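S.K.: File follows, input-v3.tsv with TSV, C-alpha atoms and all ligand atoms:
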chain	number	residue	atom	x	y	z
A	129	MET	CA	-12.70	-11.51	19.25
A	130	ILE	CA	-15.18	-11.52	16.36
A	131	TYR	CA	-13.40	-11.25	13.03
A	132	LEU	CA	-15.54	-9.64	10.33
A	133	ASP	CA	-12.73	-8.28	8.17
A	134	ASN	CA	-12.15	-11.23	5.85
A	135	ASN	CA	-11.92	-9.06	2.72
A	136	ALA	CA	-8.82	-7.46	4.28
A	137	THR	CA	-7.20	-10.80	5.05
A	138	THR	CA	-8.10	-14.23	6.39
A	139	ARG	CA	-6.87	-16.67	9.02
A	140	VAL	CA	-4.54	-19.38	7.70
A	141	ILE	CA	-6.48	-22.57	8.33
A	142	ASP	CA	-4.98	-25.55	10.15
A	143	GLU	CA	-4.94	-27.92	7.13
A	144	VAL	CA	-2.97	-25.31	5.20
A	145	LEU	CA	-0.42	-24.80	7.99
A	146	ALA	CA	-0.05	-28.56	8.43
A	147	ALA	CA	0.61	-29.05	4.70
A	148	MET	CA	3.22	-26.28	4.71
A	149	GLU	CA	5.23	-27.36	7.73
A	150	PRO	CA	7.22	-30.27	6.19
A	151	TYR	CA	8.43	-27.92	3.45
A	152	TYR	CA	10.10	-25.78	6.14
A	153	ARG	CA	11.45	-28.61	8.27
A	154	GLU	CA	12.45	-31.60	6.11
A	155	LEU	CA	11.58	-30.93	2.48
A	156	TYR	CA	13.42	-27.65	2.07
A	157	GLY	CA	15.03	-28.34	-1.31
A	158	ASN	CA	15.17	-25.72	-4.03
A	159	ALA	CA	12.42	-26.63	-6.51
A	160	HIS	CA	14.97	-26.34	-9.34
A	161	ALA	CA	17.71	-28.45	-7.77
A	162	ALA	CA	18.57	-31.70	-9.57
A	163	HIS	CA	18.56	-33.92	-6.43
A	164	SER	CA	15.78	-35.84	-4.73
A	165	LEU	CA	14.96	-33.08	-2.23
A	166	GLY	CA	14.69	-30.60	-5.10
A	167	ARG	CA	12.46	-32.96	-7.04
A	168	ARG	CA	10.11	-33.31	-4.04
A	169	SER	CA	9.78	-29.53	-3.90
A	170	HIS	CA	9.25	-29.32	-7.64
A	171	GLU	CA	6.48	-31.93	-7.49
A	172	ALA	CA	4.82	-30.06	-4.61
A	173	VAL	CA	4.91	-26.80	-6.57
A	174	GLU	CA	3.36	-28.48	-9.62
A	175	GLU	CA	0.66	-30.12	-7.51
A	176	ALA	CA	-0.17	-26.71	-6.04
A	177	ARG	CA	-0.23	-25.20	-9.54
A	178	ALA	CA	-2.84	-27.75	-10.61
A	179	SER	CA	-5.06	-26.90	-7.60
A	180	VAL	CA	-4.76	-23.18	-8.21
A	181	ALA	CA	-5.51	-23.67	-11.92
A	182	ARG	CA	-8.72	-25.50	-10.99
A	183	LEU	CA	-9.71	-22.60	-8.70
A	184	MET	CA	-8.98	-20.13	-11.53
A	185	ASP	CA	-10.72	-22.28	-14.17
A	186	CYS	CA	-7.68	-22.47	-16.43
A	187	SER	CA	-4.97	-25.01	-17.26
A	188	ASP	CA	-1.87	-25.66	-15.13
A	189	GLY	CA	0.47	-24.29	-17.79
A	190	GLU	CA	-1.25	-20.92	-17.63
A	191	VAL	CA	-0.56	-20.27	-13.93
A	192	ILE	CA	2.50	-18.60	-12.42
A	193	PHE	CA	3.03	-17.93	-8.73
A	194	THR	CA	3.56	-14.37	-7.50
A	195	SER	CA	3.98	-12.78	-4.08
A	196	CYS	CA	0.51	-11.17	-3.90
A	197	GLY	CA	-2.37	-9.64	-5.84
A	198	THR	CA	-0.55	-6.33	-6.14
A	199	GLU	CA	2.36	-7.99	-7.91
A	200	GLY	CA	0.11	-9.93	-10.29
A	201	ASN	CA	-1.73	-6.75	-11.25
A	202	ALA	CA	1.55	-4.88	-11.79
A	203	LEU	CA	3.05	-7.72	-13.84
A	204	VAL	CA	0.12	-7.72	-16.26
A	205	ILE	CA	-0.06	-3.95	-16.63
A	206	ARG	CA	3.65	-3.10	-16.79
A	207	GLY	CA	4.54	-6.35	-18.55
A	208	LEU	CA	2.05	-5.70	-21.34
A	209	ILE	CA	3.05	-2.09	-21.83
A	210	ASP	CA	6.71	-3.08	-22.04
A	211	ALA	CA	5.93	-5.90	-24.48
A	212	ALA	CA	3.46	-3.96	-26.66
A	213	THR	CA	4.49	-2.15	-29.78
A	214	SER	CA	1.70	0.13	-30.93
A	215	ARG	CA	-1.36	0.14	-28.65
A	216	ARG	CA	-0.96	2.33	-25.59
A	217	LYS	CA	-4.45	2.87	-24.16
A	218	ILE	CA	-5.73	1.17	-21.00
A	219	VAL	CA	-9.37	1.19	-19.90
A	220	THR	CA	-10.28	0.57	-16.28
A	221	THR	CA	-12.96	1.46	-13.72
A	222	ALA	CA	-13.21	4.09	-11.00
A	223	VAL	CA	-13.54	1.41	-8.31
A	224	GLU	CA	-10.42	-0.67	-8.97
A	225	HIS	CA	-8.04	-1.54	-6.15
A	226	PRO	CA	-5.18	1.00	-5.71
A	227	SER	CA	-2.72	-1.63	-7.02
A	228	VAL	CA	-4.37	-1.08	-10.41
A	229	LEU	CA	-5.68	2.48	-10.25
A	230	LEU	CA	-2.63	4.18	-8.69
A	231	LEU	CA	-0.26	2.30	-11.00
A	232	LEU	CA	-2.27	3.34	-14.07
A	233	ARG	CA	-2.40	6.96	-12.92
A	234	ALA	CA	1.38	6.96	-12.36
A	235	LEU	CA	1.95	5.49	-15.85
A	236	GLU	CA	-0.42	8.05	-17.33
A	237	SER	CA	1.30	10.97	-15.63
A	238	ARG	CA	4.67	9.73	-16.99
A	239	GLY	CA	3.16	9.70	-20.49
A	240	ASP	CA	3.56	5.91	-20.81
A	241	ILE	CA	-0.14	5.23	-21.43
A	242	GLU	CA	-3.42	6.85	-22.37
A	243	LEU	CA	-5.94	6.07	-19.60
A	244	ALA	CA	-9.75	5.92	-19.61
A	245	VAL	CA	-11.51	5.42	-16.26
A	246	VAL	CA	-15.12	4.22	-16.49
A	247	ASP	CA	-17.62	5.45	-13.87
A	248	VAL	CA	-20.01	3.47	-11.70
A	249	ASP	CA	-23.47	4.57	-10.54
A	250	SER	CA	-24.59	4.97	-6.93
A	251	ASP	CA	-25.22	1.21	-6.74
A	252	GLY	CA	-21.70	0.43	-7.95
A	253	ALA	CA	-22.90	-0.76	-11.40
A	254	LEU	CA	-20.43	-0.08	-14.21
A	255	ASP	CA	-21.48	2.30	-16.98
A	256	LEU	CA	-21.20	-0.19	-19.86
A	257	ASP	CA	-22.02	2.45	-22.50
A	258	GLN	CA	-19.10	4.51	-21.26
A	259	LEU	CA	-16.92	1.40	-21.33
A	260	ARG	CA	-18.04	0.58	-24.88
A	261	ALA	CA	-17.18	4.11	-25.99
A	262	ALA	CA	-13.81	4.04	-24.23
A	263	VAL	CA	-12.55	0.80	-25.80
A	264	ASP	CA	-11.21	1.58	-29.27
A	265	ASP	CA	-8.60	0.39	-31.74
A	266	ARG	CA	-5.81	1.96	-29.67
A	267	THR	CA	-6.80	-0.02	-26.55
A	268	LEU	CA	-4.20	-2.49	-25.37
A	269	LEU	CA	-5.91	-3.67	-22.19
A	270	VAL	CA	-9.16	-3.51	-20.28
A	271	THR	CA	-8.55	-4.19	-16.58
A	272	VAL	CA	-11.58	-4.80	-14.36
A	273	MET	CA	-12.03	-6.49	-11.00
A	274	LEU	CA	-14.45	-9.40	-10.85
A	275	ALA	CA	-15.75	-8.40	-7.40
A	276	GLN	CA	-15.30	-5.05	-5.71
A	277	ASN	CA	-13.41	-5.31	-2.43
A	278	GLU	CA	-15.53	-2.81	-0.46
A	279	THR	CA	-19.06	-3.45	-1.73
A	280	GLY	CA	-18.68	-6.98	-3.13
A	281	VAL	CA	-20.40	-5.84	-6.36
A	282	ILE	CA	-19.71	-8.33	-9.17
A	283	HIS	CA	-18.89	-6.91	-12.58
A	284	PRO	CA	-20.33	-8.44	-15.80
A	285	ILE	CA	-17.09	-9.97	-17.09
A	286	ALA	CA	-18.62	-11.81	-20.07
A	287	GLU	CA	-20.05	-8.57	-21.48
A	288	ILE	CA	-16.84	-6.65	-20.79
A	289	SER	CA	-14.80	-9.41	-22.44
A	290	ALA	CA	-16.95	-9.24	-25.58
A	291	LEU	CA	-16.53	-5.43	-25.72
A	292	ALA	CA	-12.77	-5.64	-25.25
A	293	HIS	CA	-12.15	-8.46	-27.70
A	294	ALA	CA	-14.37	-6.88	-30.38
A	295	ARG	CA	-11.79	-4.08	-30.57
A	296	GLY	CA	-8.74	-6.35	-30.31
A	297	ALA	CA	-7.99	-5.39	-26.69
A	298	LEU	CA	-6.96	-7.88	-23.99
A	299	LEU	CA	-8.85	-8.39	-20.72
A	300	HIS	CA	-7.30	-8.61	-17.26
A	301	VAL	CA	-9.56	-9.62	-14.37
A	302	ASP	CA	-8.53	-8.93	-10.78
A	303	ALA	CA	-10.25	-11.86	-9.07
A	304	VAL	CA	-8.49	-11.31	-5.72
A	305	GLN	CA	-11.75	-10.85	-3.80
A	306	ALA	CA	-13.88	-13.24	-5.83
A	307	ALA	CA	-11.71	-16.37	-5.91
A	308	GLY	CA	-12.72	-18.76	-3.16
A	309	LYS	CA	-16.04	-16.99	-2.51
A	310	ILE	CA	-17.84	-17.55	-5.83
A	311	ALA	CA	-17.17	-19.82	-8.81
A	312	VAL	CA	-14.72	-18.09	-11.14
A	313	SER	CA	-14.83	-18.51	-14.93
A	314	HIS	CA	-11.81	-18.00	-17.14
A	315	ASP	CA	-13.95	-17.80	-20.31
A	316	GLY	CA	-13.00	-14.73	-22.32
A	317	VAL	CA	-10.31	-13.74	-19.81
A	318	ASP	CA	-6.69	-13.19	-20.87
A	319	PHE	CA	-5.11	-12.58	-17.46
A	320	MET	CA	-6.44	-13.23	-13.96
A	321	THR	CA	-4.98	-12.32	-10.57
A	322	VAL	CA	-5.61	-14.06	-7.23
A	323	SER	CA	-4.03	-13.69	-3.79
A	324	GLY	CA	-3.47	-16.37	-1.14
A	325	HIS	CA	-4.17	-14.39	2.01
A	326	LYS	CA	-7.75	-13.67	0.92
A	327	LEU	CA	-8.60	-17.37	0.87
A	328	HIS	CA	-7.02	-18.76	4.05
A	329	ALA	CA	-3.51	-19.27	2.61
A	330	PRO	CA	-0.53	-17.32	3.99
A	331	LYS	CA	0.33	-13.74	3.13
A	332	GLY	CA	3.08	-13.33	0.55
A	333	VAL	CA	1.86	-15.72	-2.14
A	334	GLY	CA	-0.53	-15.28	-5.06
A	335	ALA	CA	-1.02	-16.40	-8.62
A	336	LEU	CA	-1.49	-14.96	-12.07
A	337	SER	CA	-2.95	-16.75	-15.09
A	338	ILE	CA	-1.74	-15.93	-18.57
A	339	HIS	CA	-3.93	-17.23	-21.36
A	340	ARG	CA	-2.74	-18.67	-24.67
A	341	GLY	CA	0.95	-17.96	-24.07
A	342	LEU	CA	0.37	-14.21	-24.31
A	343	LYS	CA	3.59	-12.25	-24.06
A	344	LEU	CA	4.52	-10.21	-20.99
A	345	THR	CA	7.85	-8.58	-20.16
A	346	PRO	CA	8.99	-9.61	-16.64
A	347	LEU	CA	9.24	-6.99	-13.91
A	348	TRP	CA	12.74	-8.27	-13.09
A	349	TYR	CA	15.26	-10.81	-14.36
A	350	GLY	CA	17.17	-13.67	-12.79
A	351	GLY	CA	16.97	-17.46	-12.69
A	352	GLY	CA	14.01	-17.61	-15.08
A	353	GLN	CA	11.56	-19.31	-12.72
A	354	GLU	CA	7.81	-19.28	-13.43
A	355	LEU	CA	7.99	-19.20	-17.24
A	356	GLY	CA	10.75	-16.60	-16.96
A	357	LEU	CA	8.19	-14.09	-15.73
A	358	ARG	CA	8.93	-14.22	-12.03
A	359	SER	CA	12.58	-14.98	-11.36
A	360	GLY	CA	13.54	-15.82	-7.78
A	361	THR	CA	13.60	-19.08	-5.82
A	362	GLU	CA	10.01	-20.22	-5.31
A	363	PRO	CA	8.70	-20.02	-1.71
A	364	VAL	CA	7.71	-23.69	-1.74
A	365	PRO	CA	5.94	-23.79	1.68
A	366	SER	CA	3.76	-20.80	0.77
A	367	ILE	CA	2.98	-22.22	-2.66
A	368	VAL	CA	2.02	-25.55	-1.05
A	369	GLY	CA	-0.21	-23.59	1.35
A	370	LEU	CA	-1.87	-21.76	-1.53
A	371	GLY	CA	-2.47	-25.05	-3.34
A	372	VAL	CA	-4.20	-26.62	-0.34
A	373	ALA	CA	-6.18	-23.45	0.39
A	374	ALA	CA	-7.30	-23.30	-3.26
A	375	ARG	CA	-8.48	-26.92	-3.16
A	376	LEU	CA	-10.35	-26.41	0.11
A	377	ALA	CA	-11.84	-23.12	-1.13
A	378	LEU	CA	-13.19	-24.81	-4.24
A	379	GLU	CA	-14.61	-27.70	-2.20
A	380	SER	CA	-16.18	-25.20	0.24
A	381	LEU	CA	-17.91	-22.97	-2.32
A	382	PRO	CA	-21.33	-24.46	-1.44
A	383	ALA	CA	-20.74	-23.27	2.17
A	384	PHE	CA	-20.95	-19.72	0.88
A	385	GLU	CA	-24.70	-20.19	0.47
A	386	CYS	CA	-24.86	-20.33	4.29
A	387	VAL	CA	-22.58	-17.29	4.43
A	388	ARG	CA	-24.99	-15.49	2.10
A	389	GLU	CA	-27.93	-16.38	4.38
A	390	LEU	CA	-26.06	-15.04	7.40
A	391	ARG	CA	-25.06	-11.86	5.54
A	392	ASP	CA	-28.63	-11.32	4.31
A	393	ARG	CA	-30.01	-11.81	7.81
A	394	PHE	CA	-27.44	-9.32	9.12
A	395	GLU	CA	-28.48	-6.77	6.50
A	396	SER	CA	-32.22	-7.25	7.13
A	397	GLU	CA	-31.67	-6.64	10.85
A	398	MET	CA	-29.48	-3.61	10.15
A	399	ARG	CA	-32.08	-2.09	7.84
A	400	ALA	CA	-35.11	-2.92	9.99
A	401	ARG	CA	-33.63	-1.81	13.31
A	402	PHE	CA	-31.37	1.08	12.34
A	403	GLY	CA	-32.67	2.28	8.94
A	404	VAL	CA	-29.21	2.09	7.37
A	405	GLN	CA	-28.35	1.87	3.66
A	406	ILE	CA	-26.26	-1.00	2.25
A	407	ALA	CA	-23.86	0.01	-0.55
A	408	GLY	CA	-24.40	-1.89	-3.81
A	409	ALA	CA	-27.34	-3.88	-2.41
A	410	SER	CA	-29.30	-3.88	-5.69
A	411	GLN	CA	-26.39	-5.46	-7.61
A	412	PRO	CA	-25.13	-9.03	-7.83
A	413	ARG	CA	-22.68	-9.20	-4.93
A	414	LEU	CA	-20.23	-11.50	-3.18
A	415	PRO	CA	-22.10	-13.55	-0.57
A	416	ASN	CA	-19.87	-12.44	2.32
A	417	THR	CA	-19.66	-8.64	2.00
A	418	SER	CA	-21.81	-5.93	3.52
A	419	SER	CA	-20.88	-2.26	3.39
A	420	VAL	CA	-23.16	-0.40	5.76
A	421	ILE	CA	-23.68	3.35	5.64
A	422	PHE	CA	-24.27	4.72	9.14
A	423	ARG	CA	-23.91	8.34	7.97
A	424	ASP	CA	-23.18	10.63	10.98
A	425	HIS	CA	-22.65	7.73	13.38
A	426	ALA	CA	-20.08	5.65	11.47
A	427	ALA	CA	-17.10	6.65	13.64
A	428	GLU	CA	-18.93	5.83	16.91
A	429	VAL	CA	-20.10	2.48	15.57
A	430	VAL	CA	-16.58	1.52	14.49
A	431	ALA	CA	-15.08	2.65	17.82
A	432	SER	CA	-17.67	0.66	19.76
A	433	LEU	CA	-17.20	-2.49	17.64
A	434	ASP	CA	-13.45	-2.23	18.16
A	435	ALA	CA	-13.86	-1.72	21.92
A	436	HIS	CA	-15.89	-4.96	22.01
A	437	GLY	CA	-13.31	-6.91	19.99
A	438	VAL	CA	-15.18	-6.90	16.69
A	439	CYS	CA	-12.85	-6.36	13.71
A	440	VAL	CA	-14.42	-4.54	10.74
A	441	SER	CA	-13.06	-2.19	8.12
A	442	ALA	CA	-13.79	1.52	7.82
A	443	GLY	CA	-12.48	4.59	6.05
A	444	ALA	CA	-9.81	6.71	7.72
A	445	ALA	CA	-10.94	9.02	10.52
A	446	CYS	CA	-11.31	12.72	9.64
A	447	ASN	CA	-12.79	15.73	11.44
A	448	THR	CA	-16.30	15.00	10.13
A	449	GLY	CA	-16.21	11.33	11.20
A	450	LEU	CA	-14.94	8.88	8.60
A	451	GLU	CA	-13.36	9.81	5.28
A	452	PRO	CA	-15.17	8.07	2.38
A	453	SER	CA	-12.89	5.80	0.35
A	454	GLY	CA	-12.26	6.34	-3.37
A	455	THR	CA	-14.84	3.64	-4.10
A	456	MET	CA	-17.54	5.30	-1.98
A	457	LYS	CA	-16.71	8.67	-3.56
A	458	ALA	CA	-17.02	7.11	-7.02
A	459	MET	CA	-20.50	5.89	-6.00
A	460	GLY	CA	-21.36	9.33	-4.58
A	461	LEU	CA	-21.79	7.84	-1.09
A	462	PRO	CA	-20.46	8.73	2.36
A	463	ALA	CA	-18.07	6.46	4.27
A	464	ALA	CA	-19.21	2.88	4.80
A	465	VAL	CA	-18.30	0.31	7.42
A	466	ARG	CA	-17.47	-3.03	5.80
A	467	PHE	CA	-18.44	-6.27	7.48
A	468	SER	CA	-16.87	-9.20	5.60
A	469	LEU	CA	-17.66	-12.77	6.66
A	470	SER	CA	-15.81	-16.01	6.04
A	471	ARG	CA	-17.06	-19.57	5.77
A	472	PHE	CA	-16.15	-19.89	9.46
A	473	THR	CA	-18.31	-16.98	10.67
A	474	THR	CA	-21.11	-18.12	13.00
A	475	ALA	CA	-24.67	-16.88	13.53
A	476	ASP	CA	-23.79	-16.06	17.15
A	477	GLU	CA	-20.98	-13.78	15.99
A	478	ILE	CA	-23.34	-11.94	13.66
A	479	ASP	CA	-25.99	-11.58	16.40
A	480	GLU	CA	-23.36	-10.20	18.77
A	481	ALA	CA	-22.17	-7.66	16.16
A	482	VAL	CA	-25.76	-6.50	15.59
A	483	LYS	CA	-26.23	-6.12	19.36
A	484	ILE	CA	-23.08	-4.01	19.69
A	485	VAL	CA	-24.10	-1.77	16.78
A	486	GLY	CA	-27.54	-1.35	18.38
A	487	ALA	CA	-26.04	-0.37	21.73
A	488	ALA	CA	-23.68	2.14	20.07
A	489	LEU	CA	-26.49	3.75	18.07
A	490	THR	CA	-28.81	3.93	21.09
A	491	LYS	CA	-26.09	5.64	23.10
B	501	LIG	N1	-7.13	-6.48	-5.70
B	501	LIG	C1	-8.17	-6.45	-4.87
B	501	LIG	C2	-9.55	-6.41	-5.42
B	501	LIG	C3	-7.96	-6.46	-3.48
B	501	LIG	O1	-9.00	-6.42	-2.65
B	501	LIG	C4	-6.63	-6.51	-2.99
B	501	LIG	C5	-6.36	-6.48	-1.54
B	501	LIG	O2	-7.16	-6.01	-0.76
B	501	LIG	C6	-5.59	-6.55	-3.91
B	501	LIG	C7	-5.85	-6.54	-5.26
B	501	LIG	C8	-4.17	-6.61	-3.46
B	501	LIG	O3	-3.87	-7.90	-3.03
B	501	LIG	P1	-2.59	-8.18	-2.12
B	501	LIG	O4	-2.90	-7.68	-0.75
B	501	LIG	O5	-2.41	-9.65	-2.16
B	501	LIG	O6	-1.46	-7.46	-2.74
Would it be possible to restate this file's structure as structure tokens?
Ligand code: PLP
M.R.:
Amino acid sequence: MIYLDNNATTRVIDEVLAAMEPYYRELYGNAHAAHSLGRRSHEAVEEARASVARLMDCSDGEVIFTSCGTEGNALVIRGLIDAATSRRKIVTTAVEHPSVLLLLRALESRGDIELAVVDVDSDGALDLDQLRAAVDDRTLLVTVMLAQNETGVIHPIAEISALAHARGALLHVDAVQAAGKIAVSHDGVDFMTVSGHKLHAPKGVGALSIHRGLKLTPLWYGGGQELGLRSGTEPVPSIVGLGVAARLALESLPAFECVRELRDRFESEMRARFGVQIAGASQPRLPNTSSVIFRDHAAEVVASLDAHGVCVSAGAACNTGLEPSGTMKAMGLPAAVRFSLSRFTTADEIDEAVKIVGAALTK
């Protein structure tokens, strides 16, 4: 098998599994219990919080653990709306993950918010003039992803932050795809979401940062864990796994320069040999992501890759081949096939994938 679908999810690495195991077998105390086993769990959770805070470029006291990126995004959006008094407008982009975009559309259709969705161009670049015009004195929140999950395009967070804060709006950054692949800055960011399973931690754990003690209303109530924002007994093994994965991800950021070289070589070969287009190629992008537009042949390429054990991501099948995703539609492009590498991807794997694509296209 050749796994080139790391933006969908990643393999839990051995060091992470090894660090988690004792917290299932021997150190299974409730992190809030007043005995020694509980204290061990509590210390492990706090150690993990410090590692995750370093990854997110914020302080330990600003991080809470969640179950996933979807939950973090929902907690910021719903929690702010429920806590806010007057402002009711939210500004976002046409290429956000469904955990943001579908939630905002549902809240808009219920009349809970006023929504402005900013367009991107055919390269995936945000229309900053449109964003500037959309953010006004009624705006509660601007929510923008740091890196787009399909194209890897990186949004200009510093500029967006300045626009939002100039009008008194808060900024939420969905860094689920970016964290662990590029250095993340918390400067000018009020809330940031990350997810464990995108950076070699287990599924079912993520984190949210909340700057300056900003007020959110919890999604549910209970034992008051995680600053009262995320009641429920902490999944200590998963949190420990996230902490170790965050530390290793930060230490391994330089390895992404090799990933970028591999990705660039892959794209040069794809362009030179098959004349394909790469979505978002002119923009600053994540080093590991390549969304290739095969036009009429996308479905055959995906079927052939799958038959040869290569895992990639593609739009849903439809009668004309592959259905373009919302992101590709927003860019005015047809369906793309996403190849997403990890720091463990090898040159041989990339060469093999190129060979299989070539054979499928020749056929
Ligand atoms: N945000 C982005 C940009 C994503 O790519 C994803 C998952 O693909 C999510 C949020 C949701 O994360 P999770 O799967 O942890 O809920």
S.K.: Just checking: using all atoms listed in the file, which residue out of A:Ser470, A:Ser432, A:Thr490, A:Asn201 ends up closest to Glu385 (chain A)?
M.R.: A:Ser470
S.K.: Please compute the CA of Asp240 (chain A)-CA of Arg215 (chain A) distance, one decimal, in Å.
M.R.: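 These atoms are spaced 10.9 Å apart.
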S.K.: At a cut-off of 6 Å, can you tabulate as a tab-separated table every residue of chain A near ligand LIG 501 (chain B) together with its closest atom pair and the distance in Å to one decimal, using only C-alpha atoms and all ligand atoms and ordering rows by chain then number?
M.R.:
residue	atom	partner	partner_atom	distance
A:Ala136	CA	B:LIG501	O2	5.5
A:Cys196	CA	B:LIG501	O5	3.7
A:Gly197	CA	B:LIG501	O3	3.6
A:Thr198	CA	B:LIG501	O6	3.7
A:His225	CA	B:LIG501	N1	5.0
A:Gln276	CA	B:LIG501	C2	5.9
A:Asn277	CA	B:LIG501	O1	4.6
A:Asp302	CA	B:LIG501	N1	5.8
A:Val304	CA	B:LIG501	C1	4.9
A:Gln305	CA	B:LIG501	C2	5.2
A:Ser323	CA	B:LIG501	O5	4.6
S.K.: List every residue of region 182-201 of chain A that has an atom at most 8 Å from any atom of region 356-377 of chain A, giving for each one its closest atom pair and the distance in Å to one decimal, counting all atoms listed in the file, sorted by chain and then by ascending residue number, as JSON lines.
M.R.:
{"residue": "A:Arg182", "atom": "CA", "partner": "A:Arg375", "partner_atom": "CA", "distance": 8.0}
{"residue": "A:Leu183", "atom": "CA", "partner": "A:Ala374", "partner_atom": "CA", "distance": 6.0}
{"residue": "A:Ile192", "atom": "CA", "partner": "A:Arg358", "partner_atom": "CA", "distance": 7.8}
{"residue": "A:Phe193", "atom": "CA", "partner": "A:Ile367", "partner_atom": "CA", "distance": 7.4}
{"residue": "A:Thr194", "atom": "CA", "partner": "A:Arg358", "partner_atom": "CA", "distance": 7.0}
S.K.: Restricting the output to C-alpha atoms, write the selected residues as a tab-separated table (two decimals), keeping the file's coordinate frame.
M.R.:
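Writing the result to result.tsv gives the following:
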chain	number	residue	atom	x	y	z
A	182	ARG	CA	-8.72	-25.50	-10.99
A	183	LEU	CA	-9.71	-22.60	-8.70
A	192	ILE	CA	2.50	-18.60	-12.42
A	193	PHE	CA	3.03	-17.93	-8.73
A	194	THR	CA	3.56	-14.37	-7.50
S.K.: Looking at all atoms listed in the file, which of A:Ser313, A:Thr473, A:Thr345, A:Thr279 is the one that sits closest to Val420 (chain A)?
M.R.: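 Under the stated criterion, the closest residue is A:Thr279.
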S.K.: Grab the CA of Gly308 (chain A) to CA of Asp476 (chain A) distance for me, in Å with one decimal place.
M.R.: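 Separation between CA of Gly308 (chain A) and CA of Asp476 (chain A): 23.3 Å.
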S.K.: Take region 185-189 of chain A, bring it up to all heavy atoms, and give me the output as an mmCIF file, in the frame of the given file.
M.R.:
data_model
loop_
_atom_site.group_PDB
_atom_site.id
_atom_site.type_symbol
_atom_site.label_atom_id
_atom_site.label_comp_id
_atom_site.auth_asym_id
_atom_site.auth_seq_id
_atom_site.Cartn_x
_atom_site.Cartn_y
_atom_site.Cartn_z
ATOM 1 N N ASP A 185 -10.039 -21.801 -12.967
ATOM 2 C CA ASP A 185 -10.720 -22.280 -14.170
ATOM 3 C C ASP A 185 -9.850 -22.154 -15.417
ATOM 4 O O ASP A 185 -10.291 -21.728 -16.475
ATOM 5 C CB ASP A 185 -12.046 -21.500 -14.349
ATOM 6 C CG ASP A 185 -12.882 -22.026 -15.499
ATOM 7 O OD1 ASP A 185 -12.880 -23.258 -15.688
ATOM 8 O OD2 ASP A 185 -13.522 -21.225 -16.204
ATOM 9 N N CYS A 186 -8.570 -22.494 -15.261
ATOM 10 C CA CYS A 186 -7.680 -22.470 -16.430
ATOM 11 C C CYS A 186 -6.778 -23.692 -16.368
ATOM 12 O O CYS A 186 -6.928 -24.534 -15.481
ATOM 13 C CB CYS A 186 -6.867 -21.180 -16.449
ATOM 14 S SG CYS A 186 -5.783 -20.977 -15.031
ATOM 15 N N SER A 187 -5.830 -23.821 -17.298
ATOM 16 C CA SER A 187 -4.970 -25.010 -17.260
ATOM 17 C C SER A 187 -3.687 -24.720 -16.483
ATOM 18 O O SER A 187 -3.274 -23.559 -16.349
ATOM 19 C CB SER A 187 -4.681 -25.518 -18.669
ATOM 20 O OG SER A 187 -4.084 -24.496 -19.406
ATOM 21 N N ASP A 188 -3.055 -25.808 -16.000
ATOM 22 C CA ASP A 188 -1.870 -25.660 -15.130
ATOM 23 C C ASP A 188 -0.798 -24.796 -15.787
ATOM 24 O O ASP A 188 -0.161 -23.982 -15.123
ATOM 25 C CB ASP A 188 -1.223 -27.028 -14.851
ATOM 26 C CG ASP A 188 -2.207 -28.057 -14.341
ATOM 27 O OD1 ASP A 188 -3.419 -27.763 -14.292
ATOM 28 O OD2 ASP A 188 -1.754 -29.159 -13.991
ATOM 29 N N GLY A 189 -0.607 -24.991 -17.082
ATOM 30 C CA GLY A 189 0.470 -24.290 -17.790
ATOM 31 C C GLY A 189 0.242 -22.792 -17.912
ATOM 32 O O GLY A 189 1.128 -22.065 -18.365
#
